[in-house]
file start-v9.json (JSON, C-alpha atoms)
[["chain", "number", "residue", "atom", "x", "y", "z"],
["K", 1, "MET", "CA", 26.37, -14.76, -29.47],
["K", 2, "GLU", "CA", 24.41, -11.89, -27.99],
["K", 3, "LEU", "CA", 23.89, -12.12, -24.24],
["K", 4, "PHE", "CA", 20.10, -12.08, -24.54],
["K", 5, "LYS", "CA", 20.28, -15.37, -26.47],
["K", 6, "THR", "CA", 22.11, -17.22, -23.69],
["K", 7, "PRO", "CA", 20.40, -19.60, -21.20],
["K", 8, "VAL", "CA", 19.73, -18.74, -17.57],
["K", 9, "GLY", "CA", 18.60, -20.81, -14.60],
["K", 10, "VAL", "CA", 15.46, -20.06, -12.60],
["K", 11, "GLY", "CA", 15.09, -22.51, -9.76],
["K", 12, "ALA", "CA", 15.11, -25.99, -11.29],
["K", 13, "LEU", "CA", 14.39, -24.59, -14.78],
["K", 14, "LYS", "CA", 16.87, -23.59, -17.46],
["K", 15, "LEU", "CA", 15.43, -20.90, -19.71],
["K", 16, "LYS", "CA", 16.73, -21.04, -23.27],
["K", 17, "ASN", "CA", 17.23, -17.25, -23.45],
["K", 18, "ARG", "CA", 16.79, -14.01, -21.48],
["K", 19, "ILE", "CA", 13.55, -12.84, -23.17],
["K", 20, "VAL", "CA", 10.47, -12.75, -20.94],
["K", 21, "MET", "CA", 6.96, -12.12, -22.16],
["K", 22, "ALA", "CA", 5.88, -9.73, -19.41],
["K", 23, "PRO", "CA", 2.35, -10.11, -18.01],
["K", 24, "TYR", "CA", -0.04, -7.82, -19.88],
["K", 25, "ASP", "CA", -3.75, -7.79, -19.06],
["K", 26, "THR", "CA", -5.64, -8.52, -22.30],
["K", 27, "GLY", "CA", -9.11, -8.50, -20.75],
["K", 28, "LYS", "CA", -10.02, -11.55, -22.87],
["K", 29, "ALA", "CA", -11.00, -13.95, -20.08],
["K", 30, "VAL", "CA", -14.49, -15.49, -20.06],
["K", 31, "ASN", "CA", -15.87, -16.34, -16.61],
["K", 32, "GLY", "CA", -12.32, -16.32, -15.29],
["K", 33, "CYS", "CA", -11.07, -18.81, -17.87],
["K", 34, "PRO", "CA", -8.78, -18.28, -20.86],
["K", 35, "SER", "CA", -10.84, -17.85, -24.01],
["K", 36, "GLU", "CA", -9.91, -19.28, -27.40],
["K", 37, "GLU", "CA", -8.82, -15.79, -28.40],
["K", 38, "MET", "CA", -6.54, -15.54, -25.36],
["K", 39, "ILE", "CA", -5.00, -18.96, -25.94],
["K", 40, "ARG", "CA", -4.28, -17.97, -29.54],
["K", 41, "HIS", "CA", -2.77, -14.69, -28.30],
["K", 42, "TYR", "CA", -0.27, -16.53, -26.09],
["K", 43, "ARG", "CA", 0.52, -19.24, -28.62],
["K", 44, "GLU", "CA", 1.34, -16.62, -31.27],
["K", 45, "ARG", "CA", 3.75, -14.82, -28.94],
["K", 46, "ALA", "CA", 5.41, -17.77, -27.18],
["K", 47, "LYS", "CA", 7.69, -18.85, -30.02],
["K", 48, "GLY", "CA", 11.26, -17.81, -29.26],
["K", 49, "ILE", "CA", 10.47, -16.69, -25.70],
["K", 50, "GLY", "CA", 12.47, -18.03, -22.74],
["K", 51, "LEU", "CA", 9.64, -17.45, -20.24],
["K", 52, "VAL", "CA", 6.00, -16.43, -20.71],
["K", 53, "ILE", "CA", 4.31, -14.90, -17.66],
["K", 54, "VAL", "CA", 0.56, -15.02, -18.14],
["K", 55, "GLU", "CA", -1.53, -12.01, -17.12],
["K", 56, "HIS", "CA", -2.67, -11.92, -13.51],
["K", 57, "GLU", "CA", -5.30, -14.25, -12.08],
["K", 58, "HIS", "CA", -7.14, -13.36, -8.88],
["K", 59, "VAL", "CA", -6.72, -15.82, -6.02],
["K", 60, "LEU", "CA", -9.98, -14.91, -4.24],
["K", 61, "ARG", "CA", -13.21, -13.50, -5.65],
["K", 62, "ASP", "CA", -12.96, -10.32, -3.56],
["K", 63, "GLY", "CA", -9.58, -9.70, -5.20],
["K", 64, "MET", "CA", -10.89, -9.40, -8.77],
["K", 65, "ALA", "CA", -9.39, -6.55, -10.77],
["K", 66, "HIS", "CA", -12.30, -6.53, -13.23],
["K", 67, "ALA", "CA", -14.93, -8.82, -14.73],
["K", 68, "ARG", "CA", -12.74, -9.97, -17.67],
["K", 69, "GLN", "CA", -9.77, -10.93, -15.51],
["K", 70, "LEU", "CA", -8.52, -14.51, -15.28],
["K", 71, "SER", "CA", -9.25, -16.46, -12.09],
["K", 72, "MET", "CA", -7.17, -19.01, -10.21],
["K", 73, "ALA", "CA", -9.69, -19.05, -7.35],
["K", 74, "ARG", "CA", -11.68, -22.14, -8.41],
["K", 75, "ASP", "CA", -10.83, -25.73, -9.26],
["K", 76, "ASP", "CA", -13.03, -25.70, -12.35],
["K", 77, "VAL", "CA", -10.63, -23.37, -14.21],
["K", 78, "ILE", "CA", -7.80, -25.93, -14.23],
["K", 79, "ASP", "CA", -8.74, -27.77, -17.42],
["K", 80, "ASP", "CA", -9.10, -24.52, -19.39],
["K", 81, "PHE", "CA", -5.70, -23.35, -18.19],
["K", 82, "LYS", "CA", -4.22, -26.69, -19.29],
["K", 83, "ARG", "CA", -5.13, -25.76, -22.85],
["K", 84, "LEU", "CA", -3.22, -22.48, -22.47],
["K", 85, "THR", "CA", -0.12, -24.06, -20.91],
["K", 86, "ASP", "CA", -0.11, -26.80, -23.54],
["K", 87, "ALA", "CA", -0.20, -24.16, -26.27],
["K", 88, "VAL", "CA", 2.78, -22.31, -24.81],
["K", 89, "HIS", "CA", 4.77, -25.49, -24.23],
["K", 90, "GLU", "CA", 4.15, -26.58, -27.80],
["K", 91, "GLU", "CA", 5.92, -23.40, -28.90],
["K", 92, "GLY", "CA", 8.95, -24.27, -26.76],
["K", 93, "SER", "CA", 8.60, -21.83, -23.85],
["K", 94, "TYR", "CA", 8.22, -22.17, -20.11],
["K", 95, "VAL", "CA", 5.13, -20.48, -18.66],
["K", 96, "PHE", "CA", 4.35, -19.00, -15.24],
["K", 97, "ALA", "CA", 0.98, -17.99, -13.79],
["K", 98, "GLN", "CA", 0.86, -14.56, -12.18],
["K", 99, "ILE", "CA", -1.41, -14.71, -9.14],
["K", 100, "SER", "CA", -2.80, -11.60, -7.50],
["K", 101, "HIS", "CA", -5.26, -9.91, -5.19],
["K", 102, "SER", "CA", -6.33, -6.37, -6.08],
["K", 103, "GLY", "CA", -7.15, -5.22, -2.56],
["K", 104, "ALA", "CA", -8.65, -1.73, -2.43],
["K", 105, "VAL", "CA", -8.86, -1.44, -6.24],
["K", 106, "ALA", "CA", -10.84, -4.67, -6.72],
["K", 107, "LYS", "CA", -13.96, -4.37, -8.90],
["K", 108, "ASP", "CA", -16.94, -6.33, -10.20],
["K", 109, "SER", "CA", -16.96, -9.08, -7.56],
["K", 110, "GLY", "CA", -20.11, -7.96, -5.78],
["K", 111, "LEU", "CA", -18.12, -8.09, -2.54],
["K", 112, "PRO", "CA", -16.69, -5.19, -0.51],
["K", 113, "PRO", "CA", -13.01, -4.58, -1.30],
["K", 114, "VAL", "CA", -10.52, -5.30, 1.49],
["K", 115, "ALA", "CA", -7.12, -3.69, 2.08],
["K", 116, "PRO", "CA", -4.47, -3.20, 4.76],
["K", 117, "SER", "CA", -6.12, 0.08, 5.79],
["K", 118, "ALA", "CA", -9.39, 1.89, 5.18],
["K", 119, "VAL", "CA", -7.70, 4.23, 2.68],
["K", 120, "SER", "CA", -8.76, 4.96, -0.90],
["K", 121, "VAL", "CA", -6.27, 3.82, -3.53],
["K", 122, "ARG", "CA", -6.28, 5.55, -6.94],
["K", 123, "GLY", "CA", -9.74, 6.97, -6.29],
["K", 124, "SER", "CA", -11.27, 3.68, -5.12],
["K", 125, "ASP", "CA", -14.09, 3.39, -2.64],
["K", 126, "ILE", "CA", -12.91, 3.17, 0.96],
["K", 127, "PRO", "CA", -12.08, -0.52, 1.52],
["K", 128, "VAL", "CA", -12.63, -2.62, 4.62],
["K", 129, "GLU", "CA", -9.51, -2.84, 6.76],
["K", 130, "MET", "CA", -8.34, -6.45, 6.91],
["K", 131, "ASN", "CA", -8.30, -8.30, 10.21],
["K", 132, "GLN", "CA", -6.17, -11.32, 11.09],
["K", 133, "ASP", "CA", -8.71, -13.76, 9.66],
["K", 134, "ASP", "CA", -8.74, -11.84, 6.38],
["K", 135, "ILE", "CA", -4.95, -11.98, 6.20],
["K", 136, "ARG", "CA", -4.89, -15.73, 6.84],
["K", 137, "ARG", "CA", -7.56, -16.17, 4.15],
["K", 138, "VAL", "CA", -5.42, -14.28, 1.64],
["K", 139, "VAL", "CA", -2.32, -16.35, 2.44],
["K", 140, "LYS", "CA", -4.32, -19.54, 1.94],
["K", 141, "GLY", "CA", -5.83, -18.11, -1.25],
["K", 142, "PHE", "CA", -2.39, -17.57, -2.79],
["K", 143, "ALA", "CA", -1.20, -21.05, -1.76],
["K", 144, "ASP", "CA", -4.34, -22.72, -3.13],
["K", 145, "ALA", "CA", -4.00, -20.77, -6.38],
["K", 146, "ALA", "CA", -0.40, -21.95, -6.77],
["K", 147, "VAL", "CA", -1.53, -25.56, -6.36],
["K", 148, "ARG", "CA", -4.15, -25.06, -9.09],
["K", 149, "ALA", "CA", -1.52, -23.47, -11.34],
["K", 150, "LYS", "CA", 0.77, -26.46, -10.91],
["K", 151, "LYS", "CA", -2.10, -28.85, -11.71],
["K", 152, "ALA", "CA", -2.86, -26.77, -14.80],
["K", 153, "GLY", "CA", 0.63, -27.35, -16.20],
["K", 154, "PHE", "CA", 2.30, -24.07, -15.32],
["K", 155, "ASP", "CA", 6.05, -24.30, -14.68],
["K", 156, "GLY", "CA", 5.96, -21.79, -11.82],
["K", 157, "VAL", "CA", 4.02, -18.90, -10.33],
["K", 158, "GLU", "CA", 4.66, -15.20, -9.93],
["K", 159, "ILE", "CA", 3.21, -13.38, -6.93],
["K", 160, "HIS", "CA", 1.94, -9.94, -7.99],
["K", 161, "ALA", "CA", 3.21, -7.44, -5.41],
["K", 162, "ALA", "CA", 3.36, -4.33, -7.59],
["K", 163, "HIS", "CA", 1.21, -1.71, -9.37],
["K", 164, "GLY", "CA", -0.89, -0.72, -6.38],
["K", 165, "PHE", "CA", -2.47, -4.15, -5.78],
["K", 166, "LEU", "CA", -2.93, -5.67, -2.33],
["K", 167, "LEU", "CA", 0.65, -6.68, -1.46],
["K", 168, "ASN", "CA", 1.91, -3.35, -2.77],
["K", 169, "GLN", "CA", -0.66, -1.64, -0.57],
["K", 170, "PHE", "CA", 0.85, -3.37, 2.46],
["K", 171, "TYR", "CA", 4.34, -2.34, 1.34],
["K", 172, "SER", "CA", 3.64, 1.32, 0.56],
["K", 173, "PRO", "CA", 3.75, 4.01, 3.26],
["K", 174, "LEU", "CA", 1.30, 5.97, 1.10],
["K", 175, "VAL", "CA", -1.64, 3.74, 2.03],
["K", 176, "ASN", "CA", -0.64, 1.38, 4.87],
["K", 177, "ARG", "CA", -1.79, 2.90, 8.17],
["K", 178, "ARG", "CA", -1.72, -0.27, 10.27],
["K", 179, "GLN", "CA", -0.31, -0.31, 13.80],
["K", 180, "ASP", "CA", 0.11, -4.09, 14.19],
["K", 181, "GLU", "CA", 2.72, -6.57, 12.96],
["K", 182, "TYR", "CA", 1.78, -5.69, 9.35],
["K", 183, "SER", "CA", 2.52, -1.99, 9.79],
["K", 184, "VAL", "CA", 4.69, -0.18, 7.27],
["K", 185, "ARG", "CA", 7.65, 0.09, 9.67],
["K", 186, "PRO", "CA", 9.93, -1.61, 10.38],
["K", 187, "MET", "CA", 10.70, -3.41, 7.12],
["K", 188, "GLU", "CA", 10.01, -6.87, 8.53],
["K", 189, "ASN", "CA", 6.41, -5.77, 9.17],
["K", 190, "ARG", "CA", 5.70, -4.28, 5.75],
["K", 191, "ILE", "CA", 6.89, -7.45, 3.95],
["K", 192, "ARG", "CA", 5.51, -9.90, 6.51],
["K", 193, "LEU", "CA", 2.55, -10.82, 4.28],
["K", 194, "HIS", "CA", 4.81, -11.25, 1.23],
["K", 195, "LEU", "CA", 7.02, -13.66, 3.16],
["K", 196, "GLU", "CA", 4.08, -15.61, 4.58],
["K", 197, "ILE", "CA", 2.72, -16.07, 1.05],
["K", 198, "ILE", "CA", 6.07, -17.17, -0.41],
["K", 199, "ARG", "CA", 6.53, -19.73, 2.36],
["K", 200, "ALA", "CA", 2.94, -20.98, 2.15],
["K", 201, "ILE", "CA", 3.27, -21.49, -1.62],
["K", 202, "LYS", "CA", 6.57, -23.33, -1.25],
["K", 203, "GLU", "CA", 5.05, -25.60, 1.39],
["K", 204, "ALA", "CA", 2.02, -26.28, -0.83],
["K", 205, "VAL", "CA", 3.76, -26.96, -4.16],
["K", 206, "GLY", "CA", 7.23, -28.12, -3.20],
["K", 207, "THR", "CA", 10.67, -26.62, -3.57],
["K", 208, "ASP", "CA", 11.09, -27.73, -7.20],
["K", 209, "PHE", "CA", 8.25, -25.45, -8.42],
["K", 210, "PRO", "CA", 9.72, -21.96, -8.94],
["K", 211, "VAL", "CA", 8.15, -18.96, -7.23],
["K", 212, "ALA", "CA", 8.75, -15.47, -8.57],
["K", 213, "ILE", "CA", 7.60, -12.19, -7.09],
["K", 214, "ARG", "CA", 6.79, -9.07, -9.09],
["K", 215, "PHE", "CA", 7.93, -6.39, -6.70],
["K", 216, "GLY", "CA", 6.82, -2.76, -6.84],
["K", 217, "GLY", "CA", 9.96, -1.53, -5.16],
["K", 218, "CYS", "CA", 9.55, 2.24, -5.34],
["K", 219, "ASP", "CA", 6.61, 4.64, -5.45],
["K", 220, "TYR", "CA", 8.71, 7.52, -6.83],
["K", 221, "SER", "CA", 6.63, 9.77, -4.60],
["K", 222, "ASP", "CA", 7.20, 11.89, -1.52],
["K", 223, "ASN", "CA", 6.65, 9.73, 1.56],
["K", 224, "GLY", "CA", 6.34, 6.59, -0.55],
["K", 225, "SER", "CA", 8.54, 3.50, -0.72],
["K", 226, "ARG", "CA", 12.18, 4.19, -1.63],
["K", 227, "ILE", "CA", 14.89, 2.58, -3.70],
["K", 228, "SER", "CA", 17.06, 2.36, -0.59],
["K", 229, "ASP", "CA", 14.48, -0.06, 0.88],
["K", 230, "ILE", "CA", 14.84, -2.55, -1.97],
["K", 231, "PRO", "CA", 17.96, -4.54, -0.98],
["K", 232, "GLN", "CA", 16.58, -5.52, 2.42],
["K", 233, "ALA", "CA", 13.21, -6.50, 0.98],
["K", 234, "VAL", "CA", 14.47, -8.62, -1.93],
["K", 235, "LYS", "CA", 17.04, -10.39, 0.26],
["K", 236, "ALA", "CA", 14.21, -11.40, 2.58],
["K", 237, "PHE", "CA", 12.19, -12.66, -0.41],
["K", 238, "GLU", "CA", 15.14, -14.76, -1.54],
["K", 239, "ASP", "CA", 15.71, -16.14, 1.96],
["K", 240, "ALA", "CA", 12.01, -17.11, 2.16],
["K", 241, "GLY", "CA", 12.30, -19.12, -1.07],
["K", 242, "ALA", "CA", 11.73, -16.76, -4.00],
["K", 243, "ASP", "CA", 13.53, -18.05, -7.12],
["K", 244, "LEU", "CA", 13.12, -14.92, -9.25],
["K", 245, "ILE", "CA", 12.58, -11.20, -8.60],
["K", 246, "ASP", "CA", 10.61, -9.25, -11.23],
["K", 247, "ILE", "CA", 11.09, -5.51, -10.74],
["K", 248, "SER", "CA", 8.32, -3.06, -11.61],
["K", 249, "GLY", "CA", 6.61, 0.08, -10.37],
["K", 250, "GLY", "CA", 4.91, 0.50, -7.04],
["K", 251, "MET", "CA", 1.80, 2.62, -6.54],
["K", 252, "ILE", "CA", 2.55, 4.46, -9.80],
["K", 253, "GLY", "CA", 1.86, 1.31, -11.82],
["K", 254, "SER", "CA", 3.81, -0.09, -14.76],
["K", 255, "ARG", "CA", 4.82, 3.28, -16.22],
["K", 256, "ARG", "CA", 7.18, 5.86, -14.74],
["K", 257, "PRO", "CA", 6.00, 9.43, -15.32],
["K", 258, "GLY", "CA", 8.50, 11.49, -17.29],
["K", 259, "HIS", "CA", 10.49, 8.42, -18.37],
["K", 260, "THR", "CA", 10.30, 6.50, -21.63],
["K", 261, "GLU", "CA", 13.91, 5.31, -21.94],
["K", 262, "PRO", "CA", 14.58, 1.57, -22.23],
["K", 263, "GLY", "CA", 14.68, 0.00, -18.78],
["K", 264, "TYR", "CA", 13.19, 3.01, -17.02],
["K", 265, "PHE", "CA", 13.04, 1.04, -13.75],
["K", 266, "LYS", "CA", 16.72, 0.04, -13.84],
["K", 267, "ASP", "CA", 17.57, 2.12, -10.79],
["K", 268, "MET", "CA", 15.42, -0.37, -8.89],
["K", 269, "SER", "CA", 16.78, -3.48, -10.60],
["K", 270, "LEU", "CA", 20.37, -2.38, -9.98],
["K", 271, "ALA", "CA", 19.56, -1.94, -6.29],
["K", 272, "ALA", "CA", 18.01, -5.41, -6.19],
["K", 273, "LYS", "CA", 20.99, -7.07, -7.88],
["K", 274, "THR", "CA", 23.31, -5.86, -5.12],
["K", 275, "ALA", "CA", 21.42, -7.96, -2.58],
["K", 276, "VAL", "CA", 20.43, -11.29, -4.16],
["K", 277, "SER", "CA", 21.84, -14.14, -6.21],
["K", 278, "VAL", "CA", 18.55, -15.17, -7.84],
["K", 279, "PRO", "CA", 17.82, -13.72, -11.31],
["K", 280, "ILE", "CA", 16.26, -10.27, -11.73],
["K", 281, "ILE", "CA", 13.74, -9.33, -14.45],
["K", 282, "LEU", "CA", 13.61, -5.73, -15.67],
["K", 283, "THR", "CA", 10.62, -4.56, -17.72],
["K", 284, "GLY", "CA", 9.75, -1.16, -19.10],
["K", 285, "GLY", "CA", 10.38, 0.77, -22.30],
["K", 286, "VAL", "CA", 12.33, -1.89, -24.19],
["K", 287, "THR", "CA", 11.28, -2.03, -27.85],
["K", 288, "ALA", "CA", 14.42, -3.29, -29.64],
["K", 289, "ALA", "CA", 16.86, -6.18, -29.26],
["K", 290, "GLN", "CA", 19.81, -3.78, -29.01],
["K", 291, "GLU", "CA", 18.20, -2.10, -26.00],
["K", 292, "MET", "CA", 17.71, -5.46, -24.31],
["K", 293, "GLU", "CA", 21.32, -6.40, -25.00],
["K", 294, "SER", "CA", 22.65, -3.11, -23.59],
["K", 295, "LEU", "CA", 20.74, -3.52, -20.32],
["K", 296, "LEU", "CA", 22.03, -7.07, -19.90],
["K", 297, "LYS", "CA", 25.63, -6.03, -20.61],
["K", 298, "GLU", "CA", 25.23, -3.23, -18.07],
["K", 299, "GLN", "CA", 24.13, -5.93, -15.60],
["K", 300, "ALA", "CA", 20.96, -4.00, -14.89],
["K", 301, "ALA", "CA", 19.13, -7.35, -14.88],
["K", 302, "ASP", "CA", 19.43, -11.02, -15.82],
["K", 303, "LEU", "CA", 16.27, -11.17, -17.93],
["K", 304, "ILE", "CA", 14.35, -8.51, -19.83],
["K", 305, "GLY", "CA", 10.58, -8.33, -19.89],
["K", 306, "ILE", "CA", 8.87, -7.28, -23.10],
["K", 307, "GLY", "CA", 5.30, -6.10, -22.64],
["K", 308, "ARG", "CA", 3.71, -3.57, -24.95],
["K", 309, "ALA", "CA", 6.09, -4.20, -27.87],
["K", 310, "LEU", "CA", 5.28, -7.92, -27.85],
["K", 311, "ASN", "CA", 1.60, -7.24, -27.38],
["K", 312, "MET", "CA", 1.64, -5.14, -30.55],
["K", 313, "ASP", "CA", 3.86, -7.50, -32.58],
["K", 314, "ALA", "CA", 3.42, -11.23, -31.96],
["K", 315, "GLN", "CA", 6.66, -11.95, -33.85],
["K", 316, "TRP", "CA", 8.81, -9.57, -31.81],
["K", 317, "ALA", "CA", 10.93, -12.28, -30.18],
["K", 318, "VAL", "CA", 11.37, -14.24, -33.41],
["K", 319, "LYS", "CA", 12.58, -11.09, -35.15],
["K", 320, "ALA", "CA", 14.92, -10.18, -32.28],
["K", 321, "LEU", "CA", 16.51, -13.62, -32.32],
["K", 322, "ALA", "CA", 16.90, -13.48, -36.10],
["K", 323, "GLY", "CA", 18.59, -10.07, -35.90],
["K", 324, "TYR", "CA", 15.98, -7.95, -37.63]]

call {"tool": "encode", "arguments": {"input": "start-v9.json", "output": "structure tokens"}}
result
Amino acid sequence: MELFKTPVGVGALKLKNRIVMAPYDTGKAVNGCPSEEMIRHYRERAKGIGLVIVEHEHVLRDGMAHARQLSMARDDVIDDFKRLTDAVHEEGSYVFAQISHSGAVAKDSGLPPVAPSAVSVRGSDIPVEMNQDDIRRVVKGFADAAVRAKKAGFDGVEIHAAHGFLLNQFYSPLVNRRQDEYSVRPMENRIRLHLEIIRAIKEAVGTDFPVAIRFGGCDYSDNGSRISDIPQAVKAFEDAGADLIDISGGMIGSRRPGHTEPGYFKDMSLAAKTAVSVPIILTGGVTAAQEMESLLKEQAADLIGIGRALNMDAQWAVKALAGY
């Protein structure tokens, strides 16, 4: 049997195979809730998948990425999310909620964006630098969102700390100018907020509810975060209670300029695997089952995320498992 068809444990869960539906923002939410079209989108793609990670949901209104983003910031979304999780479960897959705060790049909330420093990110307006009360509010927002996700039938949550969003802004030397305990150096400062959020979620939902973190481990930019930083960071995430590390791009986003090869972030995932025993997800550029199998045999990761290919072809996983 091909390696990608074999089970793997994530916390208390046993995934039936190594295929992950990577989070991919469809922009189909209505008032923060999954629409009928979105629920159909996930149901169609869940068959054959070991783990579905639903596109990111903001944990606080001032962290909205855009007006058509999902929300996990209100109790009244729970019943609508139950319909989505039921649909995925009926197709035989586990499903995680990806919870996020956009920080400086937040839009459409009617509130001023907040960030670690008053620095523009990707051409954004200058955000308000967060104070200690703001930081505590964000930690609570993530924990409360995880509780809602559990009530909505999700099997776990993934903390979004990549792609230039708030936690990535704290991690990246390109935009973090703080001089307090959340400064970019030393390492324990730049990941302090990540660790506080992991611990707060674990305390709120219990140790049997898996917590993943999507980690933007490298900016691939002069003066940005480096691959050599990754082992220390991911080991700290694991020690704080993370059950799964999902590797992706830092301030550059989900694509790596000049690279289209399958697993174009594998230099990061290989660095992460040297430091932790929890599973690693690698996403980026994989469009064929053979490519997924090669990356697993190379031990570049334990699970492979499929994003754009699955978004374009709802039957991608079914075809991969069938060998065509």

call {"tool": "closest_atom_pairs", "arguments": {"input": "start-v9.json", "of": "stretch 238-276 of chain K", "to": "stretch 2-11 of chain K", "cutoff": "9 Å", "atoms": "only C-alpha atoms", "output": "Markdown table"}}
result
| residue | atom | partner | partner_atom | distance |
| --- | --- | --- | --- | --- |
| K:Ala242 | CA | K:Gly11 | CA | 8.8 |
| K:Asp243 | CA | K:Gly11 | CA | 5.4 |
| K:Leu244 | CA | K:Val10 | CA | 6.6 |

call {"tool": "write_last_selection", "arguments": {"input": "start-v9.json", "atoms": "C-alpha atoms", "output": "short mmCIF file (atom, residue, chain, number, x, y, z; two decimals), in the frame of the given file"}}
result
data_model
loop_
_atom_site.label_atom_id
_atom_site.label_comp_id
_atom_site.auth_asym_id
_atom_site.auth_seq_id
_atom_site.Cartn_x
_atom_site.Cartn_y
_atom_site.Cartn_z
CA ALA K 242 11.73 -16.76 -4.00
CA ASP K 243 13.53 -18.05 -7.12
CA LEU K 244 13.12 -14.92 -9.25
#

call {"tool": "residues_around", "arguments": {"input": "start-v9.json", "residues": "stretch 44-52 of chain K", "least_positions_apart": "4", "cutoff": "7 Å", "atoms": "all atoms listed in the file", "output": "MDAnalysis selection string"}}
result
chainID K and resid 15:22 40 88 91:96 314:315 317:318

call {"tool": "residues_around", "arguments": {"input": "start-v9.json", "residues": "stretch 267-278 of chain K", "least_positions_apart": "6", "cutoff": "12 Å", "atoms": "all atoms listed in the file", "output": "PyMOL selection string"}}
result
chain K and resi 8-12+210-220+225-239+241-250+256+284+295-296+298-304

call {"tool": "closest_residue", "arguments": {"input": "start-v9.json", "among": "K:Arg61, K:Val139, K:Met187, K:Pro279", "to": "K:Lys14", "atoms": "all atoms listed in the file"}}
result
K:Pro279

call {"tool": "residues_around", "arguments": {"input": "start-v9.json", "residues": "stretch 30-34 of chain K", "least_positions_apart": "2", "cutoff": "9 Å", "atoms": "only C-alpha atoms", "output": "PyMOL selection string"}}
result
chain K and resi 27-28+36-39+57-58+67-73+77-78+80-81+83-84

call {"tool": "atom_distance", "arguments": {"input": "start-v9.json", "atom1": "atom CA of K:Ala106", "atom2": "atom CA of K:Asp62"}}
result
6.8 Å

call {"tool": "closest_residue", "arguments": {"input": "start-v9.json", "among": "K:Gly164, K:Gly123, K:Gly156, K:Gly63", "to": "K:Gly110", "atoms": "all atoms listed in the file"}}
result
K:Gly63

call {"tool": "residues_around", "arguments": {"input": "start-v9.json", "residues": "K:Ser124", "least_positions_apart": "3", "cutoff": "9 Å", "atoms": "only C-alpha atoms", "output": "NGL selection string"}}
result
:K and (104-106 or 119-121 or 127)

call {"tool": "axis_aligned_box", "arguments": {"input": "start-v9.json", "around": "stretch 235-247 of chain K", "padding_each_side": "6 Å", "output": "AutoDock Vina command-line options"}}
result
--center_x 13.8 --center_y -12.3 --center_z -4.3 --size_x 18.4 --size_y 25.6 --size_z 25.8

call {"tool": "atom_distance", "arguments": {"input": "start-v9.json", "atom1": "atom CA of K:Gly305", "atom2": "atom CA of K:Ile281"}}
result
6.4 Å

call {"tool": "closest_residue", "arguments": {"input": "start-v9.json", "among": "K:Ala97, K:Ala289, K:Ala309, K:Leu13", "to": "K:Gly153", "atoms": "all atoms listed in the file"}}
result
K:Ala97

call {"tool": "closest_residue", "arguments": {"input": "start-v9.json", "among": "K:Ala149, K:Ala87, K:Leu166, K:Ile135", "to": "K:Glu181", "atoms": "all atoms listed in the file"}}
result
K:Ile135

call {"tool": "residues_around", "arguments": {"input": "start-v9.json", "residues": "stretch 202-205 of chain K", "least_positions_apart": "5", "cutoff": "8 Å", "atoms": "only C-alpha atoms", "output": "ChimeraX atom specification"}}
result
/K:143-144,146-147,150,211,241

call {"tool": "closest_residue", "arguments": {"input": "start-v9.json", "among": "K:Ala115, K:Trp316, K:Leu174, K:Arg43", "to": "K:Glu90", "atoms": "all atoms listed in the file"}}
result
K:Arg43

call {"tool": "atom_distance", "arguments": {"input": "start-v9.json", "atom1": "atom CA of K:Tyr171", "atom2": "atom CA of K:Ile191"}}
result
6.3 Å
